[in-house]
$ cat start-v4.csv   # CSV, C-alpha atoms
chain,number,residue,atom,x,y,z
Y,262,MET,CA,106.7,98.3,81.2
Y,263,THR,CA,104.1,101.0,80.6
Y,264,MET,CA,102.2,102.6,83.5
Y,265,LEU,CA,99.9,100.0,85.0
Y,266,GLY,CA,96.5,100.7,86.5
Y,267,ARG,CA,93.5,98.7,87.8
Y,268,LEU,CA,89.9,99.5,87.2
Y,269,ASN,CA,86.9,97.9,88.9
Y,270,VAL,CA,83.2,98.5,88.1
Y,271,PRO,CA,80.2,96.3,89.2
Y,272,PRO,CA,79.4,93.5,86.7
Y,273,THR,CA,75.9,94.9,86.1
Y,274,VAL,CA,74.4,98.2,87.2
Y,275,GLU,CA,70.8,99.3,87.7
Y,276,LYS,CA,69.6,102.1,85.3
Y,277,GLY,CA,69.4,105.5,87.0
Y,278,GLN,CA,71.4,104.3,90.0
Y,279,PRO,CA,74.9,105.5,91.0
Y,280,PHE,CA,77.6,102.9,91.0
Y,281,ALA,CA,81.2,102.9,92.3
Y,282,VAL,CA,84.2,103.2,90.0
Y,283,ARG,CA,87.4,102.1,91.6
Y,284,VAL,CA,90.8,102.9,90.1
Y,285,ILE,CA,94.4,102.4,91.2
Y,286,VAL,CA,97.2,103.9,89.3
Y,287,GLN,CA,100.8,102.7,89.7
Y,288,HIS,CA,103.0,105.8,90.1
Y,289,PRO,CA,105.7,106.9,92.5
Y,290,MET,CA,104.1,110.4,93.0
Y,291,GLU,CA,107.5,111.8,93.8
Y,292,THR,CA,107.0,115.2,95.6
Y,293,GLY,CA,110.2,116.9,94.4
Y,294,PHE,CA,111.0,117.7,98.1
Y,295,ARG,CA,113.0,114.5,98.8
Y,296,ARG,CA,116.7,113.9,98.5
Y,297,ASP,CA,118.4,110.6,97.7
Y,298,TYR,CA,121.2,109.1,99.8
Y,299,ASP,CA,123.8,111.2,98.0
Y,300,GLY,CA,121.9,114.4,98.9
Y,301,LYS,CA,120.8,115.1,95.4
Y,302,ALA,CA,117.2,116.3,94.9
Y,303,ILE,CA,114.9,113.8,93.4
Y,304,PRO,CA,112.9,115.6,90.7
Y,305,MET,CA,109.2,115.9,91.0
Y,306,ASN,CA,107.2,113.4,89.2
Y,307,ILE,CA,103.4,113.2,89.8
Y,308,VAL,CA,100.3,112.2,88.1
Y,309,ASP,CA,98.6,115.6,87.8
Y,310,ARG,CA,95.4,114.8,85.8
Y,311,LEU,CA,93.0,111.9,85.9
Y,312,TRP,CA,89.7,111.8,84.0
Y,313,CYS,CA,86.9,109.3,83.4
Y,314,THR,CA,84.7,109.1,80.3
Y,315,TYR,CA,81.5,107.0,80.2
Y,316,GLY,CA,79.6,106.6,76.9
Y,317,GLY,CA,81.8,109.2,75.2
Y,318,ARG,CA,81.1,111.9,77.9
Y,319,GLU,CA,83.5,113.1,80.6
Y,320,VAL,CA,81.9,112.3,83.9
Y,321,PHE,CA,84.8,112.8,86.4
Y,322,ARG,CA,88.0,114.8,86.4
Y,323,ALA,CA,90.6,115.2,89.1
Y,324,GLU,CA,93.6,117.5,89.4
Y,325,LEU,CA,96.3,116.0,91.7
Y,326,GLY,CA,99.0,117.6,93.7
Y,327,SER,CA,102.2,116.4,95.3
Y,328,GLY,CA,100.4,115.7,98.6
Y,329,ILE,CA,98.8,112.5,97.1
Y,330,ALA,CA,100.5,109.3,98.2
Y,331,ALA,CA,102.2,106.9,95.8
Y,332,ASN,CA,100.0,104.5,93.8
Y,333,PRO,CA,96.9,106.6,94.3
Y,334,TYR,CA,93.5,104.9,94.8
Y,335,PHE,CA,90.3,106.6,93.7
Y,336,VAL,CA,86.7,105.7,94.3
Y,337,PHE,CA,83.9,107.9,92.8
Y,338,TYR,CA,80.3,107.4,91.8
Y,339,VAL,CA,78.8,107.6,88.4
Y,340,VAL,CA,75.0,107.4,87.5
Y,341,ALA,CA,74.2,104.5,85.2
Y,342,ARG,CA,72.5,105.9,82.1
Y,343,GLU,CA,73.1,103.3,79.4
Y,344,SER,CA,75.4,100.4,78.6
Y,345,GLY,CA,78.7,101.5,77.1
Y,346,PRO,CA,82.4,101.8,77.5
Y,347,LEU,CA,83.9,103.4,80.6
Y,348,ALA,CA,87.5,104.5,80.5
Y,349,VAL,CA,89.8,106.2,83.0
Y,350,GLU,CA,92.9,107.9,81.7
Y,351,TRP,CA,95.6,109.8,83.4
Y,352,SER,CA,98.8,111.8,82.6
Y,353,ASP,CA,101.8,112.8,84.6
Y,354,ASP,CA,103.9,115.9,84.6
Y,355,ARG,CA,106.3,114.3,82.1
Y,356,GLY,CA,103.6,113.6,79.6
Y,357,GLU,CA,103.4,109.8,80.4
Y,358,THR,CA,99.9,108.6,80.1
Y,359,GLY,CA,97.9,105.5,81.0
Y,360,LYS,CA,94.5,104.2,80.4
Y,361,VAL,CA,92.2,101.4,81.8
Y,362,ALA,CA,88.8,100.6,80.4
Y,363,ALA,CA,85.8,98.4,81.1
Y,364,ASP,CA,82.3,97.9,79.6
Y,365,VAL,CA,79.4,98.9,81.8
Y,366,LYS,CA,76.2,96.8,81.4
Y,367,VAL,CA,73.0,98.4,82.5
Y,368,ALA,CA,70.5,95.8,83.6
T,12,MET,CA,123.2,83.6,122.7
T,13,GLY,CA,121.7,83.7,126.2
T,14,ALA,CA,121.4,80.6,128.2
T,15,ALA,CA,117.7,81.1,129.0
T,16,GLU,CA,116.3,81.1,125.5
T,17,PRO,CA,112.7,82.4,125.6
T,18,ALA,CA,109.9,80.3,124.2
T,19,ARG,CA,108.2,81.3,121.0
T,20,PRO,CA,105.4,83.9,121.6
T,21,SER,CA,102.1,82.3,122.5
T,22,PRO,CA,99.7,82.4,121.0
T,23,LEU,CA,101.4,83.0,117.6
T,24,GLU,CA,99.8,86.1,116.0
T,25,ASN,CA,100.2,87.0,112.3
T,26,GLY,CA,101.8,90.3,111.3
T,27,SER,CA,98.5,91.8,110.3
T,28,GLU,CA,97.1,91.4,113.8
T,29,PHE,CA,99.4,94.2,114.8
T,30,GLN,CA,98.1,96.5,112.0
T,31,SER,CA,95.2,98.9,112.1
T,32,THR,CA,91.7,97.8,111.1
T,33,ASP,CA,92.0,100.0,108.0
T,34,LEU,CA,95.2,98.3,106.9
T,35,ARG,CA,93.8,94.9,107.5
T,36,ALA,CA,90.8,95.7,105.4
T,37,LEU,CA,93.1,97.1,102.6
T,38,GLN,CA,95.2,93.9,102.7
T,39,ALA,CA,92.0,91.7,102.5
T,40,ASP,CA,90.6,93.7,99.5
T,41,ASP,CA,92.0,92.0,96.4
T,42,PHE,CA,91.2,95.0,94.3
T,43,ALA,CA,92.4,97.8,96.6
T,44,ASN,CA,95.5,96.1,98.0
T,45,PRO,CA,98.2,98.0,96.3
T,46,MET,CA,100.3,94.8,95.9
T,47,ALA,CA,97.8,93.8,93.2
T,48,LEU,CA,99.6,96.1,90.8
T,49,TRP,CA,102.8,94.1,91.3
T,50,VAL,CA,101.0,90.8,91.3
T,51,ASP,CA,99.6,91.8,87.9
T,52,ARG,CA,103.2,92.6,86.8
T,53,GLY,CA,104.3,89.2,88.1
T,54,ARG,CA,101.5,87.4,86.3
T,55,ALA,CA,102.4,89.1,83.0
T,56,LEU,CA,106.1,88.2,83.4
T,57,TRP,CA,105.2,84.6,84.3
T,58,SER,CA,104.0,83.9,80.8
T,59,ALA,CA,106.1,86.4,78.9
T,60,PRO,CA,108.7,84.6,76.7
T,61,ARG,CA,112.4,85.5,77.1
T,62,ASP,CA,114.8,83.9,74.7
T,63,GLY,CA,112.0,81.6,73.6
T,64,ARG,CA,111.4,80.4,77.2
T,65,SER,CA,109.0,81.5,79.9
T,66,CYS,CA,108.2,80.5,83.5
T,67,ALA,CA,104.9,79.1,82.2
T,68,GLY,CA,106.8,77.0,79.6
T,69,CYS,CA,108.4,74.9,82.3
T,70,HIS,CA,106.1,75.3,85.3
T,71,GLY,CA,102.7,75.6,83.6
T,72,ASP,CA,99.8,77.2,85.5
T,73,ALA,CA,101.2,78.9,88.6
T,74,ALA,CA,97.9,78.3,90.4
T,75,ALA,CA,98.7,74.6,90.4
T,76,SER,CA,102.5,74.3,90.2
T,77,MET,CA,103.3,77.0,92.7
T,78,LYS,CA,100.7,76.2,95.3
T,79,GLY,CA,102.4,75.8,98.6
T,80,VAL,CA,105.8,76.6,97.3
T,81,ALA,CA,106.2,79.9,99.2
T,82,ALA,CA,105.4,78.2,102.5
T,83,ARG,CA,108.4,76.0,102.2
T,84,TYR,CA,111.0,78.8,101.6
T,85,PRO,CA,113.7,79.6,102.5
T,86,ARG,CA,115.1,76.1,101.8
T,87,PHE,CA,118.3,74.4,100.8
T,88,ASP,CA,118.6,74.4,97.1
T,89,PRO,CA,120.7,71.4,95.8
T,90,ALA,CA,121.5,73.1,92.5
T,91,LEU,CA,122.8,76.3,94.1
T,92,GLY,CA,124.3,74.5,97.1
T,93,ARG,CA,123.0,76.8,99.7
T,94,VAL,CA,119.8,78.0,101.5
T,95,VAL,CA,118.0,80.5,99.4
T,96,ASP,CA,114.8,82.5,99.9
T,97,LEU,CA,111.9,82.6,97.4
T,98,GLY,CA,113.1,85.7,95.7
T,99,GLN,CA,116.6,84.3,95.2
T,100,ARG,CA,115.3,81.1,93.9
T,101,ILE,CA,113.1,83.0,91.4
T,102,GLU,CA,116.0,85.2,90.4
T,103,ALA,CA,118.3,82.3,89.8
T,104,CYS,CA,115.6,80.6,87.6
T,105,PHE,CA,114.6,83.8,85.8
T,106,ARG,CA,118.0,85.0,84.8
T,107,PRO,CA,119.2,83.7,81.5
T,108,ALA,CA,122.6,81.9,81.5
T,109,GLY,CA,125.3,84.6,81.7
T,110,GLY,CA,122.6,87.3,81.9
T,111,ALA,CA,122.5,90.3,84.2
T,112,LYS,CA,121.1,89.8,87.7
T,113,LEU,CA,117.6,91.0,88.4
T,114,PRO,CA,118.4,93.8,90.9
T,115,ALA,CA,117.2,93.3,94.5
T,116,GLU,CA,113.9,95.2,95.1
T,117,SER,CA,113.3,95.7,91.4
T,118,ASP,CA,109.6,95.8,90.4
T,119,ASP,CA,110.1,92.7,88.2
T,120,LEU,CA,111.5,90.6,91.0
T,121,LEU,CA,109.1,91.8,93.6
T,122,GLY,CA,106.2,91.2,91.2
T,123,LEU,CA,107.2,87.7,90.4
T,124,THR,CA,107.8,86.9,94.1
T,125,ALA,CA,104.5,88.3,95.1
T,126,TYR,CA,102.7,86.4,92.3
T,127,VAL,CA,104.3,83.1,93.4
T,128,ALA,CA,103.7,83.8,97.1
T,129,LEU,CA,100.0,84.6,96.4
T,130,GLN,CA,99.5,81.0,95.2
T,131,SER,CA,100.2,79.8,98.8
T,132,ARG,CA,98.0,82.3,100.6
T,133,GLY,CA,96.4,80.8,103.6
T,134,MET,CA,98.7,77.8,103.8
T,135,PRO,CA,100.7,77.3,106.9
T,136,LEU,CA,104.4,78.0,106.9
T,137,ALA,CA,106.4,74.8,107.0
T,138,VAL,CA,110.1,75.1,106.3
T,139,SER,CA,112.5,72.3,106.7
T,140,ILE,CA,115.5,72.8,109.0
T,141,ASP,CA,116.9,69.3,108.7
T,142,GLY,CA,119.8,68.1,106.8
T,143,PRO,CA,121.8,70.7,104.9
T,144,ALA,CA,119.6,73.5,106.1
T,145,ARG,CA,120.4,72.9,109.7
T,146,ALA,CA,123.7,74.9,109.9
T,147,THR,CA,121.9,77.9,108.3
T,148,TRP,CA,119.1,77.7,110.8
T,149,GLU,CA,121.7,77.5,113.7
T,150,LYS,CA,123.3,80.7,112.3
T,151,GLY,CA,120.0,82.4,112.0
T,152,ARG,CA,119.1,81.5,115.6
T,153,ALA,CA,122.4,82.8,116.8
T,154,LEU,CA,121.8,86.1,115.0
T,155,TYR,CA,118.3,86.4,116.4
T,156,PHE,CA,119.7,86.4,119.9
T,157,THR,CA,122.8,88.5,119.2
T,158,ARG,CA,122.7,92.1,120.4
T,159,VAL,CA,123.9,94.5,117.8
T,160,GLY,CA,124.2,98.2,117.1
T,161,GLN,CA,124.5,101.4,119.2
T,162,LEU,CA,121.2,100.5,120.9
T,163,ASP,CA,122.7,97.1,121.8
T,164,MET,CA,119.5,95.2,120.9
T,165,ALA,CA,118.8,91.7,119.5
T,166,CYS,CA,115.7,90.7,117.6
T,167,THR,CA,114.5,88.9,120.7
T,168,SER,CA,114.6,92.1,122.8
T,169,CYS,CA,111.5,93.4,121.0
T,170,HIS,CA,109.8,90.5,119.3
T,171,ASP,CA,109.9,88.0,122.2
T,172,ALA,CA,110.2,90.3,125.2
T,173,SER,CA,108.0,93.2,124.2
T,174,TRP,CA,105.6,92.3,121.5
T,175,GLY,CA,102.2,93.9,121.9
T,176,LYS,CA,103.7,97.0,123.5
T,177,THR,CA,104.3,100.1,121.5
T,178,LEU,CA,107.5,101.6,120.0
T,179,LEU,CA,106.8,105.3,119.4
T,180,ALA,CA,103.4,105.1,117.8
T,181,GLU,CA,103.7,101.5,116.4
T,182,PRO,CA,102.7,98.3,118.0
T,183,ILE,CA,105.6,95.8,118.2
T,184,SER,CA,104.7,92.6,116.3
T,185,GLN,CA,105.9,89.1,117.0
T,186,GLY,CA,108.2,89.4,114.0
T,187,HIS,CA,106.6,86.7,111.8
T,188,PRO,CA,107.5,86.9,108.1
T,189,THR,CA,104.1,85.8,106.8
T,190,GLY,CA,103.1,88.8,104.6
T,191,TRP,CA,106.2,89.3,102.4
T,192,PRO,CA,106.8,90.7,99.9
T,193,ALA,CA,104.5,93.4,101.3
T,194,TYR,CA,103.5,96.9,100.5
T,195,ARG,CA,104.9,99.1,103.2
T,196,LEU,CA,103.3,102.5,103.5
T,197,GLU,CA,106.5,104.0,104.9
T,198,TRP,CA,108.3,103.0,101.7
T,199,GLN,CA,105.3,103.9,99.4
T,200,ARG,CA,106.1,100.7,97.5
T,201,PRO,CA,106.5,97.0,98.0
T,202,GLY,CA,109.6,95.5,99.6
T,203,SER,CA,111.1,92.1,100.4
T,204,LEU,CA,111.6,90.6,103.8
T,205,GLN,CA,115.3,91.3,103.4
T,206,ARG,CA,114.6,95.0,103.1
T,207,ARG,CA,112.4,94.9,106.2
T,208,LEU,CA,115.1,93.1,108.1
T,209,ARG,CA,117.7,95.7,107.0
T,210,ALA,CA,115.3,98.4,108.3
T,211,CYS,CA,115.4,96.7,111.7
T,212,PHE,CA,119.2,96.7,111.7
T,213,ASN,CA,119.1,100.4,110.8
T,214,GLY,CA,116.6,101.0,113.6
T,215,VAL,CA,119.0,99.7,116.3
T,216,ARG,CA,121.8,101.7,114.6
T,217,ALA,CA,123.7,98.6,113.5
T,218,GLU,CA,125.4,98.1,110.2
T,219,MET,CA,122.9,96.8,107.6
T,220,PRO,CA,123.9,93.4,106.0
T,221,PRO,CA,124.0,93.8,102.2
T,222,TYR,CA,121.1,92.3,100.2
T,223,ASP,CA,121.4,88.5,99.6
T,224,SER,CA,124.0,88.2,102.3
T,225,PRO,CA,124.1,84.8,104.1
T,226,ASP,CA,123.2,86.5,107.4
T,227,LEU,CA,119.9,87.8,106.0
T,228,VAL,CA,119.0,84.5,104.5
T,229,ALA,CA,119.8,82.7,107.8
T,230,LEU,CA,117.6,85.1,109.7
T,231,GLU,CA,114.8,84.6,107.2
T,232,LEU,CA,115.0,80.8,107.7
T,233,TYR,CA,115.0,81.1,111.5
T,234,LEU,CA,112.0,83.5,111.4
T,235,ALA,CA,110.1,81.2,109.1
T,236,TRP,CA,110.8,78.3,111.4
T,237,ARG,CA,109.7,80.4,114.4
T,238,ALA,CA,106.5,81.2,112.6
T,239,GLN,CA,105.7,77.7,111.4
T,240,GLY,CA,102.0,76.9,111.4
T,241,LEU,CA,100.9,80.5,110.8
T,242,PRO,CA,99.1,80.9,107.5
T,243,LEU,CA,100.9,82.9,104.8
T,244,GLU,CA,99.1,86.2,104.0
T,245,SER,CA,101.2,87.6,101.2
T,246,PRO,CA,100.8,89.9,99.5
T,247,GLY,CA,100.6,91.9,102.8
T,248,VAL,CA,100.2,95.5,103.6
T,249,ARG,CA,102.2,97.0,106.5
T,250,ARG,CA,102.6,100.4,108.0
$ encode --input "start-v4.csv" --output "C-alpha cells"
Amino acid sequence: MTMLGRLNVPPTVEKGQPFAVRVIVQHPMETGFRRDYDGKAIPMNIVDRLWCTYGGREVFRAELGSGIAANPYFVFYVVARESGPLAVEWSDDRGETGKVAADVKVA
Amino acid sequence: MGAAEPARPSPLENGSEFQSTDLRALQADDFANPMALWVDRGRALWSAPRDGRSCAGCHGDAAASMKGVAARYPRFDPALGRVVDLGQRIEACFRPAGGAKLPAESDDLLGLTAYVALQSRGMPLAVSIDGPARATWEKGRALYFTRVGQLDMACTSCHDASWGKTLLAEPISQGHPTGWPAYRLEWQRPGSLQRRLRACFNGVRAEMPPYDSPDLVALELYLAWRAQGLPLESPGVRR
C-alpha cells in the first residue's frame, strides 16, 4: 500500500478567522542510529519535507529531522480567505511521496 | 500454582486508567489516535477483493456483523479445533486456501484486527471458558501463577500484588487486555497482545514464547476471563 495519511479540517470555517489543520502521516521515521537484532544498522528513512497548499498557494512548510517520532502528527493554523481545496503533501528521503486533500468551505 | 490464589483486583480498572492524561486524551481522539491509520488500512482491506472474494462479501457491513465479536475472543473455534485469538481467527479466514500466512505483527493483520475490534468498543469483555475452552483456560491460569525467568516472577507478582505501584517510571496496571491491538509509544507502532505478553516475558528475563504458541493464547484467554465485564477500548494507546 502507498503511504497513508489523515487530514482533518473543520466542516465550515469563518472568513478571516484562523482554523486548525490536523495531519497524521504514517511513516516509520527511522533515525539511522538503530541496529536490528543481528547488529546490522537500520538505514535512515524519514519524512524530511511536508507542505500545505490552500487555494493554490503554499501556506505552511516544515522541514523534519530524525528527532521526530514515527507517524508524525501536525497541527497548524491557516487563515480562512476563500473556499477552495486544501492539500498537504510530504516526501521522504527516498523520494516516496504522499498527499491528502480536503475542501475548505468558508461560511 | 500457589495454594492461596489471590482474588481479582478490585475494583477492576482498565488499562488506560494507568496511562497519563495526555495518552488517555490521545486514545479518545478518533482523529489523532495513531491507530486510526491502521484502522483505515483494515477498513480498506475489509472490502478489497482477493481472488474474487472479500471480507465484506461474506460478512457484509462490519459495523453490524462484527459488533461484539472482539469481546468474545479468544474462543474455541470448532473449524480449527483449538482456542484462537481474534488475530488468528482473522488470519485463518483471510488467508486463501494454500496461500501464505499473514505474518504476525504485519500491518495488514494488525489493521484488520484493529478494525474488527473497533466495532466492539465499549462492550464488556465476555469470553466463554466452558466446554472445550476449559482446558486452555486452566493452562492459562497455571501460566499466570508460574514464576519464570531470571527474576523468578509470575504475572501475578506484579498485576495482582503490586498494581498501582510504579516499576521504574511506569505505573503497574492490573494487566487487563482491553485495548489491544494498541499503539505502543515504546514500539513506535501498533502491536498485538501477544507482542505485549512477549515483552513481559522478556522483562523478567524469561524465554519468550514464539508468536501463536498455545501458551500465549492460553494466557490471552485467562487474561480476558480475568478482565470480564470491563469495556473494550481498542484501539488503545499505551506507553
$ closest_atom_pairs --input "start-v4.csv" --of "chain T" --to "chain Y" --cutoff "8 Å" --atoms "only C-alpha atoms" --output "JSON lines"
{"residue": "T:Phe42", "atom": "CA", "partner": "Y:Asn269", "partner_atom": "CA", "distance": 7.5}
{"residue": "T:Ala43", "atom": "CA", "partner": "Y:Ile285", "partner_atom": "CA", "distance": 7.4}
{"residue": "T:Pro45", "atom": "CA", "partner": "Y:Asn332", "partner_atom": "CA", "distance": 7.2}
{"residue": "T:Leu48", "atom": "CA", "partner": "Y:Gln287", "partner_atom": "CA", "distance": 6.8}
{"residue": "T:Gln199", "atom": "CA", "partner": "Y:Ala331", "partner_atom": "CA", "distance": 5.6}
{"residue": "T:Arg200", "atom": "CA", "partner": "Y:Ala331", "partner_atom": "CA", "distance": 7.5}
$ residues_around --input "start-v4.csv" --residues "Arg83 (chain T)" --least-positions-apart "2" --cutoff "12 Å" --atoms "only C-alpha atoms" --output "number ranges by chain"
T: 77-81, 85-88, 94-97, 100, 128, 131, 134-140, 189, 231-232, 235-236, 238-240, 242-243
$ atom_distance --input "start-v4.csv" --atom1 "CA of Asp171 (chain T)" --atom2 "CA of Tyr194 (chain T)"
24.3 Å
$ residues_near_point --input "start-v4.csv" --point "(120.8, 79.7, 113.0)" --cutoff "12 Å" --atoms "only C-alpha atoms" --output "PyMOL selection string"
chain T and resi 12+94+140-141+144-157+225-237
$ residues_near_point --input "start-v4.csv" --point "(82.7, 98.3, 77.8)" --cutoff "6 Å" --atoms "only C-alpha atoms" --output "ChimeraX atom specification"
/Y:345-347,363-365
$ atom_distance --input "start-v4.csv" --atom1 "CA of Ala103 (chain T)" --atom2 "CA of Leu208 (chain T)"
21.5 Å
$ residues_around --input "start-v4.csv" --residues "Thr273 (chain Y)" --least-positions-apart "2" --cutoff "8 Å" --atoms "all atoms listed in the file" --output "VMD selection string"
chain Y and resid 271 275 365 to 368
$ closest_residue --input "start-v4.csv" --among "T:Leu241, T:Ile101, T:Ala180, T:Cys211" --to "Gln30 (chain T)" --atoms "all atoms listed in the file"
T:Ala180
$ atom_distance --input "start-v4.csv" --atom1 "CA of Ser65 (chain T)" --atom2 "CA of Gly53 (chain T)"
12.2 Å
$ closest_residue --input "start-v4.csv" --among "T:Ala82, T:Ala125, T:Leu179, T:Ala74" --to "Met46 (chain T)" --atoms "only C-alpha atoms"
T:Ala125
$ residues_around --input "start-v4.csv" --residues "Gly202 (chain T)" --least-positions-apart "4" --cutoff "7 Å" --atoms "all atoms listed in the file" --output "ChimeraX atom specification"
/T:116,192-195,206
$ residues_around --input "start-v4.csv" --residues "region 216-224 of chain T" --least-positions-apart "4" --cutoff "8 Å" --atoms "only C-alpha atoms" --output "VMD selection string"
chain T and resid 99 115 159 to 162 205 to 206 209 to 210 212 228
$ residues_around --input "start-v4.csv" --residues "Glu324 (chain Y)" --least-positions-apart "3" --cutoff "9 Å" --atoms "all atoms listed in the file" --output "PyMOL selection string"
chain Y and resi 308-312
